[in-house]
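Here is the file query05.cif (mmCIF, C-alpha atoms and all ligand atoms).
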```
data_input
loop_
_atom_site.label_atom_id
_atom_site.label_comp_id
_atom_site.auth_asym_id
_atom_site.auth_seq_id
_atom_site.Cartn_x
_atom_site.Cartn_y
_atom_site.Cartn_z
CA MET A 1 77.01 60.86 81.93
CA ALA A 2 78.77 58.92 84.68
CA GLU A 3 79.42 60.87 87.87
CA ALA A 4 83.04 62.04 88.15
CA PHE A 5 83.12 63.03 91.82
CA THR A 6 81.54 59.93 93.26
CA GLY A 7 80.87 59.92 96.96
CA ILE A 8 80.77 63.71 97.16
CA GLU A 9 77.34 65.20 97.71
CA LYS A 10 76.29 68.81 97.33
CA ILE A 11 78.37 70.94 99.73
CA ARG A 12 76.07 72.46 102.35
CA TYR A 13 76.30 75.14 105.00
CA GLU A 14 76.57 73.54 108.44
CA GLY A 15 77.68 76.52 110.54
CA PRO A 16 80.91 77.49 112.34
CA SER A 17 80.94 74.52 114.71
CA SER A 18 80.78 71.88 111.95
CA THR A 19 83.76 69.53 111.70
CA ASN A 20 82.63 68.15 108.34
CA MET A 21 85.45 69.17 105.98
CA LEU A 22 83.11 68.86 102.99
CA ALA A 23 80.72 71.49 104.34
CA PHE A 24 80.74 75.27 104.61
CA ARG A 25 81.16 76.77 108.04
CA HIS A 26 80.66 80.39 106.92
CA TYR A 27 79.39 80.50 103.34
CA ASP A 28 75.62 80.42 103.65
CA ALA A 29 74.63 81.47 100.11
CA ASP A 30 71.20 82.90 100.92
CA ALA A 31 72.03 84.47 104.30
CA LEU A 32 71.70 88.25 104.22
CA VAL A 33 74.65 90.53 104.91
CA GLU A 34 73.94 94.26 104.70
CA GLY A 35 70.54 93.27 103.31
CA LYS A 36 71.95 91.22 100.42
CA PRO A 37 72.46 87.44 100.08
CA MET A 38 76.08 86.33 100.48
CA ARG A 39 76.02 84.80 97.00
CA ASP A 40 75.32 88.24 95.49
CA HIS A 41 78.12 89.91 97.43
CA LEU A 42 80.69 87.25 96.60
CA ARG A 43 79.67 86.08 93.12
CA PHE A 44 82.13 83.17 93.28
CA ALA A 45 83.56 81.77 90.06
CA VAL A 46 85.66 78.70 89.31
CA ALA A 47 88.63 79.27 86.96
CA TYR A 48 88.37 76.57 84.29
CA TRP A 49 92.07 76.70 83.49
CA HIS A 50 93.33 75.83 86.96
CA ALA A 51 90.50 73.58 88.14
CA PHE A 52 90.11 71.57 84.93
CA ARG A 53 93.29 72.05 82.91
CA GLY A 54 95.87 72.28 85.68
CA THR A 55 98.13 69.24 85.55
CA GLY A 56 100.50 70.07 88.40
CA ALA A 57 103.45 70.39 86.01
CA ASP A 58 106.26 72.66 87.20
CA PRO A 59 109.73 73.53 85.84
CA PHE A 60 111.12 70.44 87.59
CA GLY A 61 108.67 67.79 86.53
CA PRO A 62 105.49 66.79 84.73
CA GLY A 63 101.91 66.80 85.94
CA THR A 64 100.79 64.75 88.92
CA MET A 65 97.04 65.31 88.99
CA LEU A 66 94.78 62.26 89.07
CA ARG A 67 91.92 63.17 86.75
CA PRO A 68 90.28 59.90 85.70
CA TRP A 69 87.96 61.66 83.25
CA GLU A 70 90.85 62.91 81.08
CA ALA A 71 91.62 60.97 77.89
CA ALA A 72 95.17 60.44 76.67
CA VAL A 73 94.71 62.81 73.72
CA ASP A 74 93.43 66.37 73.82
CA SER A 75 90.43 65.84 71.51
CA VAL A 76 87.26 67.87 71.10
CA ASP A 77 85.24 64.89 72.34
CA ASN A 78 87.28 64.86 75.52
CA ALA A 79 86.84 68.64 75.85
CA VAL A 80 83.07 68.21 75.55
CA ALA A 81 83.07 65.41 78.15
CA ARG A 82 85.15 67.60 80.49
CA VAL A 83 82.38 70.24 80.41
CA GLY A 84 80.10 67.74 82.13
CA VAL A 85 82.73 67.12 84.83
CA ALA A 86 83.29 70.85 85.36
CA PHE A 87 79.58 71.55 85.77
CA GLU A 88 79.13 68.58 88.11
CA PHE A 89 81.92 70.05 90.26
CA MET A 90 80.49 73.57 90.20
CA GLN A 91 77.01 72.36 90.96
CA LYS A 92 78.16 70.27 93.92
CA LEU A 93 80.22 73.19 95.17
CA GLY A 94 77.35 75.63 94.72
CA VAL A 95 79.18 78.36 92.81
CA ASP A 96 77.13 80.50 90.47
CA TYR A 97 79.83 81.43 87.91
CA TYR A 98 82.88 80.24 86.01
CA CYS A 99 85.58 81.89 83.87
CA PHE A 100 87.57 80.48 80.96
CA HIS A 101 90.19 81.12 78.29
CA ASP A 102 89.28 79.97 74.77
CA ARG A 103 92.14 77.46 74.73
CA ASP A 104 91.28 75.95 78.14
CA VAL A 105 87.90 74.77 77.03
CA ALA A 106 88.73 73.60 73.48
CA PRO A 107 91.87 72.32 71.75
CA GLU A 108 93.51 74.78 69.38
CA GLY A 109 93.79 72.50 66.34
CA ALA A 110 95.95 73.09 63.30
CA SER A 111 94.53 76.38 61.95
CA LEU A 112 92.39 79.31 62.99
CA THR A 113 89.42 77.78 61.17
CA GLU A 114 89.85 74.57 63.13
CA ALA A 115 90.32 76.42 66.42
CA ASN A 116 87.11 78.35 65.85
CA ALA A 117 85.15 75.21 64.93
CA ASN A 118 86.47 73.38 68.03
CA LEU A 119 85.50 76.31 70.21
CA ASP A 120 82.01 76.39 68.72
CA ARG A 121 81.48 72.71 69.47
CA VAL A 122 82.56 73.11 73.08
CA ALA A 123 80.52 76.32 73.38
CA ASP A 124 77.44 74.28 72.41
CA ALA A 125 78.18 71.98 75.35
CA LEU A 126 78.84 74.93 77.68
CA ALA A 127 75.58 76.60 76.63
CA ALA A 128 73.64 73.40 77.29
CA ALA A 129 75.31 72.89 80.67
CA GLN A 130 74.60 76.50 81.67
CA GLU A 131 70.97 76.04 80.67
CA ARG A 132 70.69 72.79 82.64
CA THR A 133 72.37 74.05 85.84
CA GLY A 134 71.76 77.82 85.92
CA ILE A 135 75.53 78.38 86.33
CA LYS A 136 76.64 81.48 84.41
CA LEU A 137 79.76 82.78 82.73
CA LEU A 138 81.38 85.58 84.76
CA TRP A 139 83.91 86.44 82.09
CA GLY A 140 85.69 84.97 79.13
CA THR A 141 89.18 85.64 77.84
CA ALA A 142 91.64 84.49 75.19
CA ASN A 143 94.93 82.72 75.76
CA LEU A 144 97.35 84.98 73.87
CA PHE A 145 100.50 83.62 75.48
CA SER A 146 100.97 79.84 75.14
CA ASN A 147 101.34 79.35 71.39
CA PRO A 148 104.87 80.13 70.04
CA ARG A 149 103.35 82.75 67.70
CA TYR A 150 103.02 84.87 70.87
CA VAL A 151 106.69 84.57 71.81
CA HIS A 152 107.09 88.38 71.58
CA GLY A 153 103.61 89.12 72.94
CA ALA A 154 100.32 89.42 71.07
CA ALA A 155 99.07 93.01 70.68
CA THR A 156 102.59 94.25 71.47
CA SER A 157 104.44 91.83 69.21
CA CYS A 158 107.07 93.12 66.78
CA ASN A 159 105.35 90.84 64.22
CA VAL A 160 102.31 92.56 62.70
CA GLU A 161 100.74 89.25 61.67
CA THR A 162 100.87 88.05 65.26
CA PHE A 163 98.83 91.15 66.09
CA ALA A 164 96.39 90.27 63.30
CA TYR A 165 96.05 86.66 64.46
CA ALA A 166 95.48 87.82 68.06
CA ALA A 167 92.77 90.19 66.81
CA ALA A 168 91.02 87.32 65.05
CA GLN A 169 91.33 85.13 68.14
CA VAL A 170 89.92 87.79 70.47
CA LYS A 171 87.11 88.54 68.01
CA LYS A 172 86.06 84.91 68.28
CA ALA A 173 86.52 84.81 72.07
CA ILE A 174 84.25 87.86 72.46
CA GLU A 175 81.64 86.26 70.19
CA VAL A 176 81.63 83.09 72.29
CA THR A 177 81.56 85.08 75.55
CA HIS A 178 78.60 87.02 74.19
CA ARG A 179 76.83 83.89 73.02
CA LEU A 180 77.22 82.35 76.50
CA GLY A 181 75.79 85.46 78.15
CA GLY A 182 79.11 86.33 79.85
CA SER A 183 78.90 89.42 82.04
CA GLY A 184 82.47 90.43 81.24
CA TYR A 185 85.59 90.00 79.14
CA THR A 186 89.13 90.16 80.59
CA PHE A 187 92.39 91.31 79.06
CA TRP A 188 95.40 89.98 80.87
CA GLY A 189 98.67 90.98 79.28
CA GLY A 190 100.06 87.48 78.85
CA ARG A 191 103.38 88.31 77.26
CA GLU A 192 102.60 92.01 76.67
CA GLY A 193 105.80 93.52 78.01
CA TYR A 194 109.53 93.17 77.47
CA GLN A 195 112.54 91.14 78.50
CA CYS A 196 115.06 93.76 77.34
CA LEU A 197 114.62 97.47 76.59
CA TRP A 198 117.46 97.62 74.04
CA ASN A 199 115.42 95.67 71.50
CA THR A 200 112.06 97.20 72.47
CA ASP A 201 110.12 100.18 71.09
CA MET A 202 108.02 100.70 74.20
CA LYS A 203 106.01 103.61 72.77
CA ARG A 204 105.05 101.66 69.69
CA GLU A 205 104.14 98.57 71.71
CA THR A 206 101.88 100.40 74.16
CA ASP A 207 100.24 102.31 71.28
CA HIS A 208 99.52 98.95 69.65
CA LEU A 209 98.08 97.52 72.88
CA ALA A 210 95.69 100.47 73.08
CA ARG A 211 94.74 100.13 69.42
CA PHE A 212 94.02 96.45 70.04
CA MET A 213 91.78 97.17 73.03
CA HIS A 214 89.88 99.86 71.11
CA MET A 215 89.24 97.36 68.30
CA ALA A 216 88.00 94.80 70.84
CA VAL A 217 85.66 97.28 72.50
CA ASP A 218 84.38 98.55 69.13
CA TYR A 219 83.70 95.04 67.90
CA ALA A 220 81.96 94.03 71.14
CA ARG A 221 79.62 97.00 70.88
CA GLU A 222 79.00 96.22 67.21
CA ILE A 223 77.71 92.73 68.04
CA GLY A 224 75.71 93.94 71.03
CA PHE A 225 77.97 92.64 73.81
CA THR A 226 77.31 94.99 76.71
CA GLY A 227 79.42 93.16 79.31
CA GLN A 228 82.15 94.87 81.31
CA PHE A 229 85.73 94.78 80.02
CA TYR A 230 88.49 94.20 82.57
CA PHE A 231 92.23 94.79 82.49
CA GLU A 232 94.17 92.53 84.89
CA PRO A 233 97.39 93.96 86.32
CA LYS A 234 100.51 91.84 86.77
CA PRO A 235 103.98 93.36 87.03
CA ARG A 236 106.14 90.51 85.77
CA GLU A 237 106.09 86.83 84.85
CA PRO A 238 106.41 85.65 82.21
CA MET A 239 108.04 88.92 81.03
CA LYS A 240 110.59 90.84 83.06
CA HIS A 241 108.22 93.80 82.82
CA GLN A 242 104.54 93.62 81.92
CA TYR A 243 102.79 96.76 80.67
CA ASP A 244 99.81 95.99 82.94
CA PHE A 245 102.11 96.39 85.98
CA ASP A 246 99.61 97.40 88.70
CA ALA A 247 96.27 99.18 89.10
CA ALA A 248 97.79 102.68 88.99
CA THR A 249 99.78 101.88 85.83
CA CYS A 250 96.76 100.28 84.11
CA ILE A 251 94.45 103.15 84.99
CA ASN A 252 96.96 105.65 83.65
CA PHE A 253 97.20 103.61 80.43
CA LEU A 254 93.41 103.45 80.06
CA ARG A 255 93.04 107.19 80.60
CA ALA A 256 95.97 108.09 78.35
CA TYR A 257 94.43 106.12 75.49
CA GLY A 258 90.75 107.03 76.01
CA LEU A 259 89.66 103.57 77.19
CA GLU A 260 88.49 104.57 80.67
CA LYS A 261 84.80 104.40 79.84
CA HIS A 262 85.01 100.79 78.72
CA VAL A 263 87.51 98.99 80.93
CA LYS A 264 87.79 98.41 84.69
CA MET A 265 90.30 96.47 86.78
CA ASN A 266 90.34 92.75 87.49
CA LEU A 267 92.63 92.61 90.52
CA GLU A 268 94.55 89.48 91.47
CA THR A 269 96.05 89.05 94.93
CA ASN A 270 99.30 87.33 93.99
CA HIS A 271 99.88 89.86 91.20
CA ALA A 272 99.57 92.66 93.77
CA THR A 273 102.20 90.91 95.89
CA LEU A 274 104.55 90.69 92.90
CA ALA A 275 104.06 94.43 92.36
CA GLY A 276 105.11 95.09 95.96
CA HIS A 277 101.58 95.92 97.08
CA GLU A 278 99.00 94.36 99.34
CA ILE A 279 95.78 93.49 97.53
CA GLN A 280 94.12 96.03 99.85
CA HIS A 281 96.23 98.72 98.17
CA GLU A 282 95.12 97.63 94.71
CA LEU A 283 91.44 97.47 95.72
CA GLU A 284 91.61 100.86 97.42
CA TYR A 285 93.44 102.47 94.51
CA ALA A 286 91.06 101.10 91.86
CA GLY A 287 88.06 101.79 94.10
CA MET A 288 88.90 105.43 94.75
CA GLN A 289 89.44 105.99 91.02
CA GLY A 290 86.14 104.33 90.07
CA PHE A 291 87.84 101.37 88.37
CA LEU A 292 87.02 98.49 90.72
CA GLY A 293 85.70 95.70 88.52
CA SER A 294 86.39 92.12 89.57
CA VAL A 295 88.77 90.02 91.65
CA ASP A 296 91.00 87.04 90.85
CA ALA A 297 91.26 85.47 94.28
CA ASN A 298 94.37 83.60 95.37
CA THR A 299 97.40 84.19 97.53
CA GLY A 300 101.15 83.99 97.20
CA ASP A 301 103.73 82.61 99.55
CA THR A 302 105.87 85.27 101.20
CA LEU A 303 108.89 82.96 101.01
CA VAL A 304 108.51 82.18 97.32
CA GLY A 305 109.05 84.95 94.80
CA TRP A 306 106.73 83.89 92.00
CA ASP A 307 103.03 83.62 91.20
CA THR A 308 102.18 80.53 93.27
CA ASP A 309 98.41 81.00 92.82
CA GLN A 310 97.52 79.30 96.10
CA PHE A 311 93.99 79.24 97.44
CA PRO A 312 93.27 82.12 99.82
CA THR A 313 92.77 81.07 103.45
CA SER A 314 93.85 84.10 105.46
CA ILE A 315 90.83 85.65 107.18
CA TYR A 316 92.86 88.79 107.85
CA MET A 317 93.38 89.25 104.11
CA THR A 318 89.80 88.43 103.10
CA THR A 319 88.58 90.88 105.76
CA GLN A 320 90.77 93.59 104.24
CA MET A 321 89.47 92.73 100.78
CA MET A 322 85.80 92.58 101.69
CA TYR A 323 86.06 95.83 103.65
CA SER A 324 87.33 97.64 100.54
CA ILE A 325 84.86 95.85 98.27
CA LEU A 326 81.87 96.84 100.44
CA LYS A 327 83.20 100.36 100.78
CA TYR A 328 83.25 100.85 97.01
CA GLY A 329 79.78 99.40 96.43
CA GLY A 330 80.53 95.74 95.61
CA LEU A 331 81.83 93.92 92.56
CA ALA A 332 78.79 93.21 90.35
CA PRO A 333 78.84 92.62 87.42
CA GLY A 334 82.28 91.31 88.44
CA GLY A 335 82.85 88.66 91.07
CA ILE A 336 85.43 86.63 92.99
CA ASN A 337 87.10 84.22 90.59
CA PHE A 338 89.38 81.60 92.18
CA ASP A 339 92.39 82.03 89.92
CA ALA A 340 94.14 79.50 92.13
CA LYS A 341 95.49 75.99 91.82
CA VAL A 342 95.81 73.07 94.17
CA ARG A 343 99.41 72.21 95.01
CA ARG A 344 101.24 69.67 92.87
CA GLU A 345 101.21 67.43 95.92
CA SER A 346 97.39 67.72 96.27
CA PHE A 347 96.62 65.54 93.30
CA GLU A 348 93.31 63.85 94.16
CA PRO A 349 89.99 65.16 92.83
CA VAL A 350 88.69 65.75 96.36
CA ASP A 351 91.47 68.32 96.86
CA LEU A 352 89.64 70.56 94.37
CA PHE A 353 86.72 70.61 96.81
CA HIS A 354 88.85 71.28 99.88
CA ALA A 355 90.58 74.13 98.08
CA HIS A 356 87.43 75.89 96.89
CA ILE A 357 85.49 75.30 100.12
CA GLY A 358 88.36 76.86 102.08
CA GLY A 359 88.51 79.87 99.76
CA MET A 360 84.76 80.41 99.80
CA ASP A 361 84.59 80.12 103.58
CA ALA A 362 87.52 82.51 104.00
CA PHE A 363 85.73 85.14 101.88
CA ALA A 364 82.38 84.55 103.58
CA ARG A 365 83.98 85.04 106.97
CA GLY A 366 85.83 88.13 105.73
CA LEU A 367 82.52 89.47 104.45
CA LYS A 368 80.83 88.97 107.83
CA ILE A 369 83.69 90.64 109.72
CA ALA A 370 83.88 93.55 107.28
CA ALA A 371 80.12 94.08 107.55
CA ALA A 372 80.32 94.05 111.36
CA LEU A 373 83.12 96.63 111.28
CA ARG A 374 81.03 98.79 109.00
CA ALA A 375 77.84 98.39 111.05
CA ASP A 376 79.59 99.67 114.16
CA GLY A 377 81.62 102.24 112.23
CA ALA A 378 84.53 100.97 114.34
CA ILE A 379 87.28 101.78 111.86
CA GLN A 380 85.44 104.58 110.12
CA LYS A 381 85.10 106.60 113.36
CA LEU A 382 88.80 106.25 114.12
CA VAL A 383 89.73 107.31 110.59
CA GLU A 384 87.42 110.31 110.84
CA GLU A 385 89.02 111.30 114.15
CA ARG A 386 92.42 111.08 112.55
CA TYR A 387 91.36 113.57 109.87
CA ALA A 388 89.23 115.74 112.22
CA SER A 389 91.28 118.87 111.47
CA TRP A 390 90.08 118.70 107.88
CA SER A 391 86.51 119.26 109.08
CA SER A 392 87.50 122.73 110.31
CA ASP A 393 86.69 125.83 108.23
CA LEU A 394 90.26 125.85 106.99
CA GLY A 395 90.10 122.21 105.89
CA LYS A 396 86.78 122.66 104.15
CA GLN A 397 88.04 125.74 102.32
CA ILE A 398 91.18 124.00 101.08
CA GLU A 399 89.15 121.02 99.89
CA ALA A 400 86.71 123.36 98.14
CA GLY A 401 89.59 125.05 96.32
CA SER A 402 89.06 128.45 97.92
CA GLU A 403 92.49 128.80 99.52
CA SER A 404 95.83 129.51 97.84
CA PHE A 405 99.54 129.33 98.69
CA ALA A 406 99.41 133.06 99.47
CA SER A 407 96.42 132.77 101.85
CA LEU A 408 97.97 129.77 103.61
CA GLU A 409 101.30 131.57 103.95
CA LYS A 410 99.48 134.53 105.56
CA LEU A 411 97.79 132.19 108.05
CA MET A 412 100.99 130.40 109.00
CA LEU A 413 102.97 133.63 109.30
CA ALA A 414 100.33 134.81 111.76
CA LYS A 415 100.28 131.49 113.70
CA GLY A 416 104.02 130.87 113.61
CA ASP A 417 103.65 127.07 113.36
CA ALA A 418 101.13 124.35 112.58
CA ALA A 419 99.05 122.87 115.41
CA ALA A 420 100.64 119.77 117.00
CA CYS A 421 99.98 116.46 115.23
CA THR A 422 98.01 113.70 116.94
CA SER A 423 98.97 110.02 117.17
CA GLY A 424 98.31 107.78 114.15
CA ARG A 425 97.23 104.95 116.50
CA GLN A 426 98.15 102.17 114.09
CA GLU A 427 98.39 99.62 116.92
CA LEU A 428 94.96 100.61 118.20
CA PHE A 429 93.49 100.14 114.70
CA GLU A 430 95.14 96.73 114.45
CA ASN A 431 93.80 95.71 117.86
CA VAL A 432 90.29 96.74 116.84
CA ILE A 433 90.56 94.52 113.76
CA ASN A 434 91.68 91.57 115.91
CA ARG A 435 88.73 92.12 118.26
CA TYR A 436 86.36 91.78 115.31
CA LEU A 437 88.26 88.76 114.01
CA ASP A 438 87.61 87.11 117.39
CA ASN A 439 83.97 87.99 117.66
CA ALA A 440 82.25 88.56 114.32
C1 LIG A 501 97.96 84.76 84.90
C2 LIG A 501 96.54 85.05 85.16
C3 LIG A 501 95.61 84.73 84.07
C4 LIG A 501 94.49 85.70 83.90
C5 LIG A 501 93.60 85.43 82.72
O1 LIG A 501 98.80 85.04 85.96
O2 LIG A 501 96.18 85.49 86.22
O3 LIG A 501 95.12 83.45 84.28
O4 LIG A 501 93.68 85.75 85.03
O5 LIG A 501 94.33 85.33 81.55
CO CO A 502 94.27 86.05 86.97
#
```
In structure tokens, how does this file's structure come out?
Ligand code: XUL
Ligand code: CO
Amino acid sequence: MAEAFTGIEKIRYEGPSSTNMLAFRHYDADALVEGKPMRDHLRFAVAYWHAFRGTGADPFGPGTMLRPWEAAVDSVDNAVARVGVAFEFMQKLGVDYYCFHDRDVAPEGASLTEANANLDRVADALAAAQERTGIKLLWGTANLFSNPRYVHGAATSCNVETFAYAAAQVKKAIEVTHRLGGSGYTFWGGREGYQCLWNTDMKRETDHLARFMHMAVDYAREIGFTGQFYFEPKPREPMKHQYDFDAATCINFLRAYGLEKHVKMNLETNHATLAGHEIQHELEYAGMQGFLGSVDANTGDTLVGWDTDQFPTSIYMTTQMMYSILKYGGLAPGGINFDAKVRRESFEPVDLFHAHIGGMDAFARGLKIAAALRADGAIQKLVEERYASWSSDLGKQIEAGSESFASLEKLMLAKGDAAACTSGRQELFENVINRYLDNA
């Protein structure tokens, strides 16, 4: 097959002082951090939908991307040829994983039978490319939101046959994910939510969503798929309200419906922003509850109120993220999937490289800084000092459950008032972080 990215060689690590913009300055795949190669901490994945199906279209105009390998019609042959381009890109970039929706990789066709046959043909090409390159599937998913049959949602649709079609589509997507050795399968709500509560039976819809997920999990186990299931929170867009609002909402849903043993969180930065959280909040919340699964890496724009899916470049943010990820034991079998798109104005193929290199370097640098903070215990010690009173006998007894309202009232009546509070030292914490950003 002819090379698609001519003139671009394999992207190599050249160190922080390199000025080569097609090289890594921080991502050194085999370098050890906390005793583990960077590649195993970060487990980078390319999102097929943005990198290879993104056209640059927006509500004001059509696509702008120059993609010389794309044919005029969306045929299966073209989809198969595109697989070669995608794997050339991933190989040159040096990522170990990719993620896809069924409808990104293969055209839908005119019926379910045709859709399944198209997907099988492209899956043959994906399997061969994986075999040839060693690149693996991080997770698969199904697009249950583009086709008009999903206008009211998929699992939460008011149309029972939409639910049935979605079940058939996800059955196939799980089979293909399994066949390709995927280490996970993601549910993102798509249009699972509402635009208006007057016409919505919320209880029925969420019951149906849970029934759907149980069927998916049951079927996966039946065919021997042992990968991790993920639920990806997003509060709104396209719906006014999505049932997978944020990590806390999703975890409550999973526990309420008995799905907690099977499903963890796939947390996306820009979705956290839309929910009014920092991604650090989402990672900490999922981590402390034992639900940290995988990450969809991107960033929003604070001046734009929608899901802009930009590539992440803020070292401050990647440091926050990697600190939480290391704290909760890492992401495997999940990873860091760049659910991000180049800007409509960045339409040349080389922009795909700049975007991913920048994101990978930002996470590698965040990883190094987070590891340095952890090695010195710089933040940990300050946090422990802040909570020092809880290491007293009283604190230990409360935490152990051996105190009561009555015993605490007796203590406070005797003391008259609580001991004085100490400073929270937020500015000191922030200055410590900046010191490590300078030096690590
Ligand atoms: C949409 C989004 C999806 C999911 C997979 O905002 O993030 O691409 O990651 O369906
Ligand atoms: Co996503």
> Neighbours of ligand LIG 501 (chain A) within 9 Å, counting all atoms listed in the file, as a ChimeraX atom specification?
Replying inline: /A:47,49-50,99-101,140-145,186-190,232-234,237-238,266-268,270-271,296,307,309,337,339-340
> Pick the closest to ligand CO 502 (chain A) from A:Asn434, A:Arg204, A:Gly359, A:Tyr230: which is it, counting all atoms listed in the file?
Replying inline: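 Answer, going by the shortest atom-to-atom distance: A:Tyr230.
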Within 8 Å of range 11-28 of chain A, which residues of range 303-358 of chain A show up? Give each one with its shortest atom-to-atom distance in Å (one decimal) and the two atoms involved, counting all atoms listed in the file, rows by chain then rising residue number, as a Markdown table.
```
| residue | atom | partner | partner_atom | distance |
| --- | --- | --- | --- | --- |
| A:Phe353 | CA | A:Leu22 | CA | 7.4 |
| A:His354 | CA | A:Leu22 | CA | 7.0 |
| A:Ile357 | CA | A:Phe24 | CA | 6.5 |
```
>> For a quick check of understanding, using all atoms listed in the file, which of A:Ala29, A:Asp207, A:Ala272, A:Phe291 has the smallest distance to His41 in chain A?
In response: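 Ranked by minimum distance to His41 in chain A, first place goes to A:Ala29.
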> Hey, which of A:Gln397, A:Thr64, A:Gln380, A:Thr299 ends up closest to ligand CO 502 (chain A)? Count all atoms listed in the file.
Replying inline: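 For ligand CO 502 (chain A), the nearest of the candidates is A:Thr299.
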Selection: 12 Å around Met321 in chain A, all atoms listed in the file, excl. self and same-chain fewer than 6 positions, as a PDB file with C-alpha atoms, in the frame of the given file:
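Written out: result06.pdb:
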```
ATOM      1  CA  LEU A  42      80.690  87.250  96.600  1.00  0.00           C
ATOM      2  CA  LEU A 267      92.630  92.610  90.520  1.00  0.00           C
ATOM      3  CA  GLU A 268      94.550  89.480  91.470  1.00  0.00           C
ATOM      4  CA  THR A 269      96.050  89.050  94.930  1.00  0.00           C
ATOM      5  CA  GLU A 278      99.000  94.360  99.340  1.00  0.00           C
ATOM      6  CA  ILE A 279      95.780  93.490  97.530  1.00  0.00           C
ATOM      7  CA  GLN A 280      94.120  96.030  99.850  1.00  0.00           C
ATOM      8  CA  HIS A 281      96.230  98.720  98.170  1.00  0.00           C
ATOM      9  CA  GLU A 282      95.120  97.630  94.710  1.00  0.00           C
ATOM     10  CA  LEU A 283      91.440  97.470  95.720  1.00  0.00           C
ATOM     11  CA  GLU A 284      91.610 100.860  97.420  1.00  0.00           C
ATOM     12  CA  GLY A 287      88.060 101.790  94.100  1.00  0.00           C
ATOM     13  CA  LEU A 292      87.020  98.490  90.720  1.00  0.00           C
ATOM     14  CA  SER A 294      86.390  92.120  89.570  1.00  0.00           C
ATOM     15  CA  VAL A 295      88.770  90.020  91.650  1.00  0.00           C
ATOM     16  CA  ASP A 296      91.000  87.040  90.850  1.00  0.00           C
ATOM     17  CA  ALA A 297      91.260  85.470  94.280  1.00  0.00           C
ATOM     18  CA  ASN A 298      94.370  83.600  95.370  1.00  0.00           C
ATOM     19  CA  PRO A 312      93.270  82.120  99.820  1.00  0.00           C
ATOM     20  CA  SER A 314      93.850  84.100 105.460  1.00  0.00           C
ATOM     21  CA  ILE A 315      90.830  85.650 107.180  1.00  0.00           C
ATOM     22  CA  LYS A 327      83.200 100.360 100.780  1.00  0.00           C
ATOM     23  CA  TYR A 328      83.250 100.850  97.010  1.00  0.00           C
ATOM     24  CA  GLY A 330      80.530  95.740  95.610  1.00  0.00           C
ATOM     25  CA  LEU A 331      81.830  93.920  92.560  1.00  0.00           C
ATOM     26  CA  ILE A 336      85.430  86.630  92.990  1.00  0.00           C
ATOM     27  CA  ALA A 362      87.520  82.510 104.000  1.00  0.00           C
ATOM     28  CA  PHE A 363      85.730  85.140 101.880  1.00  0.00           C
ATOM     29  CA  ALA A 364      82.380  84.550 103.580  1.00  0.00           C
ATOM     30  CA  ARG A 365      83.980  85.040 106.970  1.00  0.00           C
ATOM     31  CA  GLY A 366      85.830  88.130 105.730  1.00  0.00           C
ATOM     32  CA  LEU A 367      82.520  89.470 104.450  1.00  0.00           C
ATOM     33  CA  LYS A 368      80.830  88.970 107.830  1.00  0.00           C
ATOM     34  CA  ILE A 369      83.690  90.640 109.720  1.00  0.00           C
ATOM     35  CA  ALA A 370      83.880  93.550 107.280  1.00  0.00           C
ATOM     36  CA  ALA A 371      80.120  94.080 107.550  1.00  0.00           C
TER      37      ALA A 371
END
```
> Distance CA of Ala220 in chain A-CA of His208 in chain A, one decimal place?
Replying inline: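 Those two atoms sit 18.3 Å apart.
Near Tyr194 in chain A, within 8 Å and counting all atoms listed in the file, sit A:His152, A:Arg191, A:Glu192, A:Cys196, A:Leu197, A:Thr200, A:Met239, A:Lys240, A:His241, A:Gln242, not including residues fewer than 2 positions from it in the same chain.
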